[in-house]
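Visitor: Handing over data.txt, compact mmCIF, C-alpha atoms.
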```
# COMPACT_ATOMS: atom_id res chain seq x y z
CA MET A 1 18.69 -42.10 -4.59
CA GLN A 2 21.83 -40.90 -2.83
CA GLN A 3 23.60 -44.23 -3.33
CA LEU A 4 22.78 -44.34 -7.03
CA SER A 5 23.79 -40.72 -7.50
CA ILE A 6 27.21 -41.45 -6.06
CA ILE A 7 27.59 -44.42 -8.40
CA PHE A 8 26.65 -42.31 -11.41
CA VAL A 9 29.08 -39.57 -10.38
CA LEU A 10 31.81 -42.21 -10.20
CA LEU A 11 30.81 -43.44 -13.64
CA LEU A 12 30.99 -39.92 -14.98
CA LEU A 13 34.52 -39.63 -13.63
CA PHE A 14 35.42 -42.92 -15.28
CA GLU A 15 33.91 -41.75 -18.56
CA ARG A 16 35.78 -38.48 -18.51
CA ALA A 17 39.04 -40.16 -17.55
CA ILE A 18 39.09 -43.09 -19.96
CA GLY A 19 35.81 -43.82 -21.68
CA GLN A 20 35.49 -40.87 -24.01
CA ASN A 21 38.88 -41.32 -25.64
CA ASN A 22 38.55 -45.09 -25.96
CA ARG A 23 35.07 -44.86 -27.42
CA ASN A 24 35.99 -42.28 -30.03
CA GLU A 25 38.91 -44.40 -31.20
CA ILE A 26 36.52 -47.28 -31.88
CA THR A 27 33.13 -45.88 -32.79
CA ILE A 28 31.44 -42.79 -34.15
CA PRO A 29 28.56 -41.21 -32.20
CA PRO A 30 25.21 -42.09 -33.79
CA SER A 31 24.51 -38.41 -34.42
CA GLN A 32 27.58 -38.33 -36.69
CA ASP A 33 27.54 -41.88 -38.05
CA PRO A 34 25.86 -42.29 -41.47
CA TRP A 35 25.18 -45.93 -40.63
CA TYR A 36 22.43 -44.67 -38.28
CA THR A 37 20.12 -43.69 -41.13
CA ALA A 38 17.40 -45.68 -42.84
CA PRO A 39 17.78 -46.41 -46.56
CA VAL A 40 15.51 -44.72 -49.07
CA GLY A 41 12.14 -46.46 -49.28
CA PHE A 42 12.36 -48.19 -45.91
CA GLU A 43 8.78 -47.10 -45.17
CA SER A 44 7.44 -49.71 -47.57
CA THR A 45 9.00 -52.60 -45.66
CA SER A 46 7.29 -54.48 -42.83
CA PRO A 47 8.00 -53.67 -39.17
CA GLY A 48 10.94 -55.75 -38.00
CA THR A 49 12.61 -55.90 -41.41
CA ILE A 50 16.41 -55.71 -41.18
CA LEU A 51 17.57 -52.61 -43.05
CA ARG A 52 21.26 -52.73 -42.13
CA ILE A 53 23.50 -55.03 -40.12
CA ARG A 54 27.16 -54.79 -39.16
CA PRO A 55 29.60 -56.23 -36.62
CA ASP A 56 29.43 -54.02 -33.55
CA PRO A 57 32.33 -51.56 -33.94
CA SER A 58 33.04 -51.32 -30.21
CA ASN A 59 34.65 -54.02 -28.12
CA ILE A 60 31.42 -55.08 -26.38
CA ASN A 61 31.86 -58.75 -27.36
CA THR A 62 35.13 -58.86 -25.43
CA ILE A 63 33.67 -57.05 -22.44
CA VAL A 64 30.81 -59.54 -22.12
CA ASP A 65 32.91 -62.50 -23.31
CA ALA A 66 30.73 -63.22 -26.33
CA ALA A 67 31.44 -64.94 -29.63
CA ALA A 68 30.25 -61.92 -31.62
CA ALA A 69 28.10 -58.82 -31.48
CA TYR A 70 26.16 -57.06 -34.21
CA ASN A 71 24.32 -53.79 -34.68
CA ILE A 72 21.01 -54.26 -36.49
CA LEU A 73 19.08 -51.32 -37.91
CA PHE A 74 15.47 -52.35 -38.48
CA ARG A 75 12.15 -50.94 -39.62
CA SER A 76 9.85 -49.95 -36.78
CA THR A 77 6.94 -47.64 -35.91
CA ASP A 78 7.14 -44.42 -33.92
CA THR A 79 4.95 -43.31 -31.05
CA ARG A 80 2.44 -41.75 -33.50
CA TYR A 81 2.24 -45.01 -35.48
CA ARG A 82 4.24 -43.70 -38.43
CA PRO A 83 7.02 -45.68 -40.19
CA SER A 84 10.32 -45.31 -38.37
CA TRP A 85 13.42 -47.33 -37.51
CA ALA A 86 15.59 -48.25 -34.57
CA VAL A 87 18.79 -50.10 -33.71
CA THR A 88 19.56 -53.06 -31.48
CA THR A 89 22.81 -54.67 -30.38
CA PHE A 90 22.64 -58.44 -30.80
CA ILE A 91 25.14 -60.49 -28.79
CA VAL A 92 25.96 -64.15 -29.47
CA PRO A 93 27.30 -66.49 -26.74
CA LYS A 94 30.46 -68.54 -27.14
CA ILE A 95 28.87 -71.84 -26.11
CA PRO A 96 27.28 -73.51 -29.14
CA LEU A 97 23.76 -74.82 -28.71
CA GLU A 98 24.82 -78.45 -29.07
CA ARG A 99 27.41 -78.15 -26.27
CA ARG A 100 25.33 -76.64 -23.50
CA ASN A 101 24.02 -78.58 -20.52
CA VAL A 102 20.40 -79.20 -21.46
CA THR A 103 19.68 -81.14 -18.28
CA GLU A 104 20.50 -78.30 -15.90
CA GLY A 105 17.09 -76.71 -16.22
CA GLY A 106 15.10 -79.88 -15.64
CA ALA A 107 12.52 -80.03 -18.41
CA ASP A 108 14.69 -78.04 -20.81
CA ASP A 109 14.13 -79.37 -24.31
CA GLY A 110 17.21 -77.88 -25.90
CA LYS A 111 15.60 -74.88 -27.58
CA ALA A 112 17.58 -71.73 -28.20
CA ALA A 113 16.66 -68.67 -26.15
CA LEU A 114 16.67 -64.94 -26.78
CA LEU A 115 16.61 -62.36 -24.00
CA SER A 116 15.66 -58.78 -24.83
CA PHE A 117 17.31 -56.62 -22.16
CA GLN A 118 15.92 -53.09 -21.97
CA ILE A 119 18.60 -50.92 -20.35
CA PRO A 120 17.17 -47.75 -18.73
CA TYR A 121 19.24 -45.28 -20.69
CA ASN A 122 16.88 -42.34 -20.08
CA ALA A 123 18.35 -39.83 -22.53
CA ALA A 124 16.99 -37.33 -25.06
CA SER A 125 20.11 -37.78 -27.20
CA THR A 126 20.71 -40.54 -29.72
CA ASP A 127 24.30 -40.57 -28.47
CA GLY A 128 22.99 -41.76 -25.10
CA GLY A 129 21.80 -45.14 -26.39
CA PRO A 130 23.16 -48.61 -25.59
CA SER A 131 24.46 -49.35 -29.08
CA TYR A 132 26.97 -46.55 -28.54
CA LEU A 133 27.54 -46.69 -24.78
CA LEU A 134 27.56 -50.41 -23.98
CA ALA A 135 31.35 -50.55 -24.13
CA THR A 136 31.80 -47.43 -21.98
CA ASN A 137 29.10 -46.05 -19.66
CA PHE A 138 27.30 -49.37 -19.29
CA GLY A 139 30.50 -51.42 -19.32
CA LEU A 140 32.52 -49.58 -16.70
CA SER A 141 33.27 -51.06 -13.30
CA GLY A 142 34.93 -49.87 -10.14
CA PRO A 143 34.62 -49.90 -6.35
CA GLY A 144 30.96 -50.50 -5.54
CA ILE A 145 29.97 -50.41 -9.21
CA THR A 146 28.44 -53.34 -11.07
CA PRO A 147 28.31 -52.57 -14.80
CA MET A 148 25.14 -53.21 -16.76
CA THR A 149 27.15 -55.43 -19.06
CA SER A 150 27.70 -57.90 -16.22
CA TYR A 151 24.04 -58.91 -16.52
CA ILE A 152 24.52 -59.57 -20.22
CA THR A 153 27.51 -61.75 -19.35
CA ASN A 154 25.35 -63.53 -16.78
CA ALA A 155 22.67 -64.30 -19.35
CA LEU A 156 25.17 -65.42 -21.99
CA GLY A 157 26.87 -67.80 -19.58
CA ARG A 158 23.78 -69.65 -18.45
CA GLY A 159 22.70 -73.03 -19.77
CA TRP A 160 19.91 -71.67 -21.93
CA TYR A 161 22.11 -70.83 -24.95
CA ALA A 162 20.70 -67.35 -24.51
CA GLU A 163 21.52 -64.78 -27.10
CA VAL A 164 20.87 -61.23 -25.94
CA THR A 165 19.49 -58.22 -27.75
CA VAL A 166 19.75 -54.73 -26.27
CA PRO A 167 17.56 -52.25 -28.21
CA ASP A 168 17.93 -48.49 -28.52
CA PHE A 169 14.18 -48.38 -28.01
CA GLU A 170 13.83 -44.59 -28.02
CA GLY A 171 14.39 -44.59 -31.77
CA PRO A 172 16.07 -42.01 -34.04
CA THR A 173 14.48 -39.04 -32.25
CA ALA A 174 15.58 -40.22 -28.77
CA ALA A 175 11.97 -40.15 -27.62
CA PHE A 176 12.56 -40.94 -23.95
CA GLY A 177 9.21 -41.35 -22.20
CA ALA A 178 7.24 -42.12 -25.36
CA GLY A 179 5.70 -45.47 -24.43
CA PRO A 180 4.36 -46.71 -27.78
CA GLN A 181 7.65 -45.76 -29.46
CA ALA A 182 9.56 -47.90 -26.99
CA GLY A 183 7.12 -50.82 -27.15
CA HIS A 184 7.18 -50.92 -30.94
CA ALA A 185 10.99 -50.81 -31.03
CA VAL A 186 11.34 -53.67 -28.54
CA LEU A 187 8.94 -55.89 -30.48
CA ASP A 188 10.50 -55.04 -33.83
CA SER A 189 14.01 -55.65 -32.51
CA ILE A 190 12.95 -59.18 -31.60
CA ARG A 191 11.36 -59.66 -35.01
CA ALA A 192 14.61 -58.51 -36.61
CA VAL A 193 16.87 -60.75 -34.53
CA LEU A 194 14.66 -63.81 -35.03
CA SER A 195 14.84 -63.31 -38.80
CA SER A 196 18.60 -62.81 -38.93
CA GLU A 197 21.07 -65.41 -40.10
CA GLU A 198 23.19 -64.53 -37.08
CA PHE A 199 20.48 -65.94 -34.81
CA ASN A 200 20.81 -69.36 -36.41
CA GLY A 201 17.59 -69.33 -38.37
CA LYS A 202 17.62 -73.11 -38.65
CA LEU A 203 16.65 -73.42 -34.96
CA GLU A 204 12.97 -74.15 -34.62
CA LYS A 205 10.70 -72.16 -32.32
CA PRO A 206 13.25 -70.49 -30.05
CA ARG A 207 11.93 -69.08 -26.80
CA TYR A 208 12.25 -65.38 -26.07
CA ALA A 209 11.61 -63.17 -23.08
CA MET A 210 12.00 -59.55 -21.95
CA TRP A 211 13.69 -57.98 -18.97
CA GLY A 212 13.69 -54.34 -17.94
CA TYR A 213 13.92 -52.27 -14.78
CA SER A 214 12.81 -48.66 -14.20
CA GLY A 215 13.14 -46.90 -17.57
CA GLY A 216 13.68 -50.34 -19.09
CA SER A 217 10.44 -51.52 -17.51
CA ILE A 218 8.56 -48.78 -19.37
CA ALA A 219 9.70 -50.15 -22.72
CA SER A 220 9.05 -53.73 -21.64
CA THR A 221 5.58 -53.04 -20.25
CA PHE A 222 4.45 -51.12 -23.32
CA ALA A 223 5.82 -53.92 -25.50
CA ALA A 224 3.83 -56.43 -23.45
CA GLU A 225 0.63 -54.37 -23.79
CA ILE A 226 1.02 -53.66 -27.51
CA GLN A 227 2.20 -57.12 -28.57
CA ALA A 228 -1.22 -58.71 -29.21
CA SER A 229 -2.29 -55.96 -31.62
CA TYR A 230 1.06 -54.97 -33.10
CA ALA A 231 3.02 -58.24 -33.27
CA PRO A 232 0.48 -61.05 -32.79
CA GLU A 233 2.85 -63.65 -34.28
CA LEU A 234 5.28 -63.23 -31.37
CA ASP A 235 4.75 -65.73 -28.57
CA PHE A 236 6.73 -64.61 -25.55
CA ALA A 237 7.77 -67.10 -22.89
CA GLY A 238 7.58 -64.35 -20.27
CA ALA A 239 8.74 -60.94 -19.10
CA ALA A 240 10.48 -59.81 -15.92
CA ILE A 241 9.59 -56.18 -15.21
CA GLY A 242 10.95 -54.37 -12.16
CA GLY A 243 10.67 -50.92 -10.63
CA ILE A 244 7.62 -50.34 -12.79
CA VAL A 245 6.48 -46.81 -13.63
CA PRO A 246 2.77 -47.01 -14.55
CA ASP A 247 2.40 -43.21 -14.60
CA LEU A 248 5.57 -41.46 -15.73
CA THR A 249 4.09 -38.05 -14.98
CA GLU A 250 4.11 -39.08 -11.31
CA VAL A 251 7.90 -39.10 -11.54
CA PHE A 252 8.25 -36.04 -13.73
CA ARG A 253 6.03 -33.86 -11.54
CA LYS A 254 8.58 -33.87 -8.69
CA PRO A 255 10.99 -30.98 -9.34
CA ILE A 256 13.35 -32.06 -6.55
CA SER A 257 13.70 -35.80 -6.06
CA ASN A 258 16.07 -38.73 -6.41
CA VAL A 259 15.26 -38.90 -10.13
CA SER A 260 14.41 -35.28 -11.00
CA SER A 261 17.53 -35.08 -13.18
CA VAL A 262 15.66 -37.10 -15.83
CA ILE A 263 12.83 -34.55 -16.14
CA PRO A 264 14.47 -32.37 -18.84
CA ALA A 265 15.26 -35.43 -20.97
CA GLY A 266 11.79 -36.83 -20.29
CA LEU A 267 9.93 -33.71 -21.35
CA LEU A 268 12.10 -33.24 -24.41
CA GLY A 269 11.90 -36.93 -25.26
CA VAL A 270 8.13 -37.27 -25.00
CA THR A 271 7.65 -34.20 -27.22
CA ALA A 272 10.31 -35.24 -29.76
CA GLN A 273 7.74 -36.53 -32.24
CA TYR A 274 5.21 -33.75 -31.59
CA PRO A 275 6.63 -30.49 -33.06
CA THR A 276 3.80 -28.27 -31.79
CA ALA A 277 4.06 -29.68 -28.27
CA ARG A 278 7.86 -29.29 -28.32
CA GLU A 279 7.52 -25.68 -29.47
CA TYR A 280 5.09 -24.96 -26.65
CA LEU A 281 7.35 -26.65 -24.08
CA VAL A 282 10.33 -24.56 -25.13
CA SER A 283 8.21 -21.38 -25.09
CA GLN A 284 7.55 -21.96 -21.38
CA LEU A 285 11.25 -21.95 -20.46
CA ASN A 286 12.84 -18.88 -18.93
CA PRO A 287 14.70 -16.92 -21.63
CA SER A 288 17.33 -15.70 -19.15
CA GLY A 289 18.55 -16.11 -15.60
CA PRO A 290 20.47 -19.01 -14.02
CA TYR A 291 17.79 -21.54 -15.00
CA ASN A 292 17.15 -20.72 -18.65
CA ALA A 293 16.17 -22.38 -21.89
CA THR A 294 19.73 -22.81 -23.13
CA ALA A 295 20.73 -24.68 -20.00
CA PHE A 296 17.59 -26.86 -20.07
CA LEU A 297 18.07 -27.75 -23.74
CA GLN A 298 21.53 -29.14 -23.01
CA ALA A 299 19.66 -32.33 -22.14
CA LEU A 300 19.30 -32.86 -25.90
CA ASN A 301 23.03 -33.65 -25.99
CA PHE A 302 23.43 -35.42 -22.63
CA SER A 303 23.62 -39.08 -21.75
CA ALA A 304 21.75 -40.07 -18.59
CA LEU A 305 24.98 -39.84 -16.63
CA GLN A 306 25.64 -36.33 -17.86
CA SER A 307 22.09 -35.28 -17.01
CA ILE A 308 22.54 -36.55 -13.47
CA GLY A 309 25.81 -34.69 -13.16
CA TYR A 310 24.30 -31.44 -14.44
CA PHE A 311 20.67 -31.42 -13.25
CA GLY A 312 20.94 -33.67 -10.20
CA SER A 313 21.01 -30.95 -7.52
CA GLN A 314 18.66 -28.49 -9.22
CA ASN A 315 15.01 -27.57 -8.74
CA ILE A 316 13.72 -28.30 -12.25
CA SER A 317 10.60 -26.18 -11.70
CA GLU A 318 12.78 -23.06 -11.76
CA TYR A 319 13.41 -23.50 -15.48
CA PHE A 320 9.77 -22.73 -16.31
CA ILE A 321 8.10 -19.35 -16.40
CA ASN A 322 5.03 -20.64 -14.53
CA GLY A 323 6.66 -23.60 -12.77
CA LEU A 324 6.63 -27.30 -13.54
CA ASP A 325 3.03 -27.95 -12.45
CA ALA A 326 1.73 -25.67 -15.20
CA ILE A 327 3.41 -27.85 -17.83
CA TYR A 328 1.33 -30.87 -16.82
CA GLU A 329 -1.89 -28.90 -16.94
CA ALA A 330 -1.27 -27.27 -20.32
CA PRO A 331 -3.78 -28.38 -23.00
CA GLU A 332 -0.94 -28.33 -25.55
CA LEU A 333 0.77 -31.16 -23.65
CA VAL A 334 -1.96 -33.10 -21.83
CA ARG A 335 -2.83 -35.28 -24.84
CA VAL A 336 0.84 -36.04 -25.48
CA PHE A 337 1.27 -37.24 -21.91
CA GLY A 338 -1.96 -39.23 -22.14
CA ASP A 339 -0.89 -41.05 -25.28
CA ASN A 340 2.59 -41.89 -24.04
CA GLU A 341 3.04 -42.02 -20.29
CA TYR A 342 0.22 -44.11 -18.82
CA GLN A 343 0.28 -47.90 -18.73
CA GLY A 344 -2.75 -50.15 -18.62
CA TYR A 345 -4.54 -48.61 -21.62
CA HIS A 346 -2.78 -50.08 -24.65
CA GLY A 347 -3.67 -53.75 -24.41
CA ILE A 348 -3.51 -56.88 -22.26
CA PRO A 349 -0.16 -58.66 -21.82
CA GLN A 350 -0.39 -62.21 -23.15
CA MET A 351 2.76 -63.63 -21.55
CA PRO A 352 3.51 -64.58 -17.92
CA LEU A 353 4.87 -61.60 -15.99
CA PHE A 354 7.19 -61.40 -13.03
CA VAL A 355 6.73 -57.90 -11.60
CA TYR A 356 8.80 -56.67 -8.65
CA LYS A 357 8.94 -53.38 -6.81
CA ALA A 358 9.95 -51.95 -3.46
CA ILE A 359 6.95 -50.92 -1.36
CA HIS A 360 8.91 -47.81 -0.34
CA ASP A 361 10.04 -47.00 -3.87
CA ASP A 362 11.24 -43.39 -3.69
CA SER A 363 11.00 -42.53 -7.38
CA ASN A 364 7.30 -43.33 -7.73
CA GLY A 365 5.08 -44.83 -5.06
CA ILE A 366 3.69 -48.34 -4.86
CA ALA A 367 0.05 -47.23 -5.17
CA THR A 368 -0.05 -46.75 -8.96
CA SER A 369 1.83 -50.01 -9.39
CA ASP A 370 -0.68 -51.87 -7.24
CA ASP A 371 -3.47 -50.32 -9.32
CA LEU A 372 -1.86 -51.44 -12.59
CA ILE A 373 -1.31 -54.99 -11.38
CA SER A 374 -4.89 -55.14 -10.05
CA HIS A 375 -6.11 -54.06 -13.49
CA TYR A 376 -4.01 -56.70 -15.22
CA CYS A 377 -5.24 -59.36 -12.82
CA LYS A 378 -8.86 -58.48 -13.49
CA VAL A 379 -8.40 -59.05 -17.21
CA GLY A 380 -6.70 -62.41 -16.81
CA VAL A 381 -2.97 -61.72 -17.00
CA ASN A 382 -0.74 -64.39 -15.40
CA ILE A 383 1.42 -62.47 -12.89
CA LEU A 384 3.78 -63.13 -10.01
CA TYR A 385 3.96 -59.78 -8.18
CA HIS A 386 6.60 -59.24 -5.50
CA ARG A 387 6.31 -56.17 -3.25
CA ASN A 388 9.56 -55.89 -1.32
CA THR A 389 9.43 -54.44 2.20
CA ILE A 390 13.15 -53.66 1.97
CA GLY A 391 14.81 -50.69 0.30
CA GLY A 392 13.86 -48.22 -2.38
CA HIS A 393 14.01 -47.91 -6.15
CA GLU A 394 17.73 -48.47 -6.70
CA ASP A 395 17.97 -51.11 -3.95
CA GLU A 396 15.27 -53.19 -5.61
CA PHE A 397 17.19 -53.26 -8.86
CA ILE A 398 19.96 -55.19 -7.12
CA ASN A 399 17.60 -57.13 -4.84
CA GLY A 400 15.49 -58.22 -7.80
CA ILE A 401 18.27 -59.55 -10.04
CA PRO A 402 18.47 -63.10 -8.63
CA ARG A 403 14.69 -63.50 -8.76
CA SER A 404 14.56 -62.07 -12.28
CA PHE A 405 17.14 -64.53 -13.54
CA GLU A 406 15.38 -67.40 -11.79
CA PHE A 407 12.12 -66.49 -13.51
CA LEU A 408 13.79 -65.90 -16.87
CA SER A 409 15.64 -69.18 -16.62
CA ASP A 410 12.40 -71.05 -15.98
CA VAL A 411 10.45 -69.45 -18.83
CA LEU A 412 13.33 -69.82 -21.29
CA THR A 413 14.00 -73.49 -20.45
CA GLY A 414 10.33 -74.48 -20.44
CA THR A 415 10.20 -75.26 -16.71
CA TYR A 416 7.91 -72.38 -15.74
CA ALA A 417 4.88 -74.58 -15.06
CA GLU A 418 6.86 -76.67 -12.58
CA LYS A 419 7.42 -73.74 -10.19
CA TYR A 420 4.77 -71.09 -10.82
CA ASN A 421 1.03 -70.75 -11.14
CA VAL A 422 0.29 -70.70 -14.85
CA THR A 423 -2.99 -68.81 -14.50
CA GLY A 424 -4.14 -65.90 -12.41
CA CYS A 425 -2.15 -63.64 -10.11
CA THR A 426 0.09 -64.37 -7.17
CA TRP A 427 0.53 -61.24 -5.07
CA VAL A 428 3.27 -61.55 -2.42
CA ASP A 429 4.96 -59.20 0.05
CA VAL A 430 8.60 -60.30 0.35
CA THR A 431 11.52 -59.23 2.51
CA ILE A 432 14.64 -59.66 0.41
CA ASN A 433 17.92 -57.80 0.84
CA VAL A 434 20.72 -59.07 -1.36
CA THR A 435 23.15 -56.26 -0.64
CA GLY A 436 22.68 -56.07 3.11
CA SER A 437 22.81 -52.28 2.87
CA ALA A 438 19.16 -51.40 2.27
CA THR A 439 16.75 -50.49 5.07
CA SER A 440 13.07 -51.16 5.42
CA GLN A 441 12.27 -47.48 4.90
CA CYS A 442 13.74 -44.96 2.47
```
Could you take the file, read its structure, and then write that structure out as structure tokens?
Guide:
Amino acid sequence: MQQLSIIFVLLLLFERAIGQNNRNEITIPPSQDPWYTAPVGFESTSPGTILRIRPDPSNINTIVDAAAAYNILFRSTDTRYRPSWAVTTFIVPKIPLERRNVTEGGADDGKAALLSFQIPYNAASTDGGPSYLLATNFGLSGPGITPMTSYITNALGRGWYAEVTVPDFEGPTAAFGAGPQAGHAVLDSIRAVLSSEEFNGKLEKPRYAMWGYSGGSIASTFAAEIQASYAPELDFAGAAIGGIVPDLTEVFRKPISNVSSVIPAGLLGVTAQYPTAREYLVSQLNPSGPYNATAFLQALNFSALQSIGYFGSQNISEYFINGLDAIYEAPELVRVFGDNEYQGYHGIPQMPLFVYKAIHDDSNGIATSDDLISHYCKVGVNILYHRNTIGGHEDEFINGIPRSFEFLSDVLTGTYAEKYNVTGCTWVDVTINVTGSATSQC
């Protein structure tokens, strides 16, 4: 992940130089903003109910060239299936539905579209979420840097009349790595947007789809698995899921790797809703020395970029009295990991999936991904699975973007059946290098 690390270091420099001041002039961090609280009695409302809505206080609508943007606070369900809430940023395109080119997509029937974009924000701090950082961390550009917001702009500018929602799917406890939490929040954010006046409620049967890569794929995959039992009324057109992570412990067990900087946030995030497990985790940290509990717990206040800057060159195992391996064997934590970090056990996706991953993915191998897709195929999921012979984890994010948008365009315009198999699995090894910089091995 050397290339990605350099990019994140550049982004950190940008943030320190200009982003922090600009952001604080416009918005208040969620941890200090009273708007980020649920009203009294919210627990009695149904999941997906809008609890608060406001125009987005940052300048994200100008960055992505949108007509408007809103923050929506909605009722949801946490990873332990208790009433909770979350926030999404809902972005409206400038092109009205009646003015778009409905013939561009072939069989497009003029329906509105909604894309739920799960950004991999990978933080154990509520101040690390998209609703706060879209206009800064995720909106910054520079030499060799493509901001996350450019993909929102791409979606808004297509002929689908696609409105975009970007959920803070980790919820109010910043439960990074808690799969059911993320899945619930994604589904409830879509429920909330579909019910809002800002979505143009008069439009009949809009199509909606999900897109997520890496940490965003975790939220998207759990949402796809949980949908049939948790939100059976939702009828997704499809989901594009890249850089999938079927077993998050496979990533978090590597104390020195291209993504080891996310381990502190991951362990703190997955235990955020389990007080006993969190207490045990903290008890296993060194009380003193260069790698101590105080340093580790800084992740509770870091964005993903800050975690990379601080933890990126460290051996995370050195923070623990008995090493990192002992954490994953501890009875106090095993059940928490089992409930939250393994895909394939929470339900059967009901929508068409486009899944893409580099065979030489250097954050987590291809084997567990192949196993997950094989499982899905056996239970009848409709999947197009691309295994790229080129590049690694971060390369495939860039290499997969054109194919993701092609798939999303087809499912959101109703032309999916013209280009893809509508039943069963299509498993393909591809050799695709958009950037020209990736190699066949990592």
Visitor: Taking (21.5, -38.9, -29.2) in the file's coordinates, which residues come within 10 Å, counting all atoms listed in the file, written as a count of residues only?
Guide: 23
Visitor: What is the distance, in Å and to one decimal place, between atom CA of Asp65 of chain A and atom CA of Phe138 of chain A?
Guide: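 That distance, rounded to one decimal, is 14.8 Å.
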Visitor: Which of these, A:Thr413, A:Thr423, A:Ser189, A:Thr79, has the shortest distance to Arg158 of chain A once you count all atoms listed in the file?
Guide: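 Closest residue, counting all atoms listed in the file: A:Thr413.
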Visitor: Dump as a Markdown table the rows for residues of segment 164-245 of chain A within 12 Å of segment 338-356 of chain A: closest atom pair and distance in Å with one decimal, only C-alpha atoms counted, ordered by chain and rising residue number.
Guide:
```
| residue | atom | partner | partner_atom | distance |
| --- | --- | --- | --- | --- |
| A:Ala175 | CA | A:Asn340 | CA | 10.2 |
| A:Phe176 | CA | A:Asn340 | CA | 10.0 |
| A:Gly177 | CA | A:Glu341 | CA | 6.5 |
| A:Ala178 | CA | A:Asn340 | CA | 4.8 |
| A:Gly179 | CA | A:Asn340 | CA | 4.8 |
| A:Pro180 | CA | A:Asn340 | CA | 6.4 |
| A:Gln181 | CA | A:Asn340 | CA | 8.4 |
| A:Ala182 | CA | A:Asn340 | CA | 9.7 |
| A:Gly183 | CA | A:His346 | CA | 10.2 |
| A:His184 | CA | A:His346 | CA | 11.8 |
| A:Arg207 | CA | A:Met351 | CA | 11.9 |
| A:Tyr208 | CA | A:Met351 | CA | 10.7 |
| A:Ala209 | CA | A:Met351 | CA | 9.0 |
| A:Met210 | CA | A:Leu353 | CA | 9.5 |
| A:Trp211 | CA | A:Phe354 | CA | 9.4 |
| A:Gly212 | CA | A:Val355 | CA | 10.1 |
| A:Tyr213 | CA | A:Tyr356 | CA | 9.1 |
| A:Ser214 | CA | A:Tyr356 | CA | 10.5 |
| A:Gly215 | CA | A:Glu341 | CA | 11.5 |
| A:Ser217 | CA | A:Val355 | CA | 9.5 |
| A:Ile218 | CA | A:Gln343 | CA | 8.4 |
| A:Ala219 | CA | A:Gln343 | CA | 10.5 |
| A:Ser220 | CA | A:Pro349 | CA | 10.4 |
| A:Thr221 | CA | A:Gln343 | CA | 7.5 |
| A:Phe222 | CA | A:Gln343 | CA | 7.0 |
| A:Ala223 | CA | A:Pro349 | CA | 8.5 |
| A:Ala224 | CA | A:Pro349 | CA | 4.9 |
| A:Glu225 | CA | A:Gly347 | CA | 4.4 |
| A:Ile226 | CA | A:Gly347 | CA | 5.6 |
| A:Gln227 | CA | A:Pro349 | CA | 7.3 |
| A:Ala228 | CA | A:Gln350 | CA | 7.0 |
| A:Ser229 | CA | A:Gly347 | CA | 7.7 |
| A:Tyr230 | CA | A:Gly347 | CA | 10.0 |
| A:Ala231 | CA | A:Gln350 | CA | 11.4 |
| A:Pro232 | CA | A:Gln350 | CA | 9.7 |
| A:Glu233 | CA | A:Gln350 | CA | 11.7 |
| A:Leu234 | CA | A:Gln350 | CA | 10.0 |
| A:Asp235 | CA | A:Met351 | CA | 7.6 |
| A:Phe236 | CA | A:Met351 | CA | 5.7 |
| A:Ala237 | CA | A:Met351 | CA | 6.2 |
| A:Gly238 | CA | A:Pro352 | CA | 4.7 |
| A:Ala239 | CA | A:Leu353 | CA | 5.0 |
| A:Ala240 | CA | A:Phe354 | CA | 4.7 |
| A:Ile241 | CA | A:Val355 | CA | 4.9 |
| A:Gly242 | CA | A:Tyr356 | CA | 4.7 |
| A:Gly243 | CA | A:Tyr356 | CA | 6.4 |
| A:Ile244 | CA | A:Tyr356 | CA | 7.7 |
| A:Val245 | CA | A:Gln343 | CA | 8.1 |
```
Visitor: If you take every atom of segment 218-232 of chain A that the file lists and fit an axis-aligned box around them with 6 Å extra on each side, what centre and edge lengths come out in Å to one decimal, as lines of an AutoDock Vina configuration file?
Guide:
```
center_x = 3.7
center_y = -54.9
center_z = -26.3
size_x = 24.0
size_y = 24.3
size_z = 25.9
```
Visitor: Tell me, in Å to one decimal, how far atom CA of Val428 of chain A is from atom CA of Arg387 of chain A.
Guide: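 Between these atoms lies a distance of 6.2 Å.
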Visitor: What's the separation between atom CA of Gly391 of chain A and atom CA of Ser150 of chain A, in Å to one decimal place?
Guide: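 Pair atom CA of Gly391 of chain A / atom CA of Ser150 of chain A returns 22.2 Å.
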Visitor: Of the candidates A:Ile53, A:Ile28, A:Leu194, A:Val87, which shows the shortest atom-to-atom distance to Ala113 of chain A, using all atoms listed in the file?
Guide: A:Leu194
Visitor: Ranking A:Val64, A:Val40, A:Leu267, A:Leu408 by minimum distance to Arg253 of chain A and counting only C-alpha atoms, which one comes first?
Guide: A:Leu267
Visitor: Under the rule that all atoms listed in the file are counted, which of A:Glu406, A:Asp429, A:Glu394, A:Glu198 is the nearest residue to Ala68 of chain A?
Guide: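 Ranked by minimum distance to Ala68 of chain A, first place goes to A:Glu198.
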Visitor: Quick one: of A:Glu329, A:Asn421, A:Ala155, A:Ser116, who's nearest to Pro402 of chain A, counting all atoms listed in the file?
Guide: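 Looking at the shortest contact to Pro402 of chain A, the residue is A:Ala155.
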Visitor: Residues near Gly380 of chain A, anyone? I mean within 7 Å using only C-alpha atoms, not counting same-chain ones fewer than 3 positions away, as a ChimeraX atom specification.
Guide: /A:376-377,424
Visitor: Which residue is closest to Tyr416 of chain A? Choose from A:Ile60, A:Val430, A:Leu384, A:Ile373 and count only C-alpha atoms.
Guide: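 Among the listed residues, the smallest separation from Tyr416 of chain A belongs to A:Leu384.
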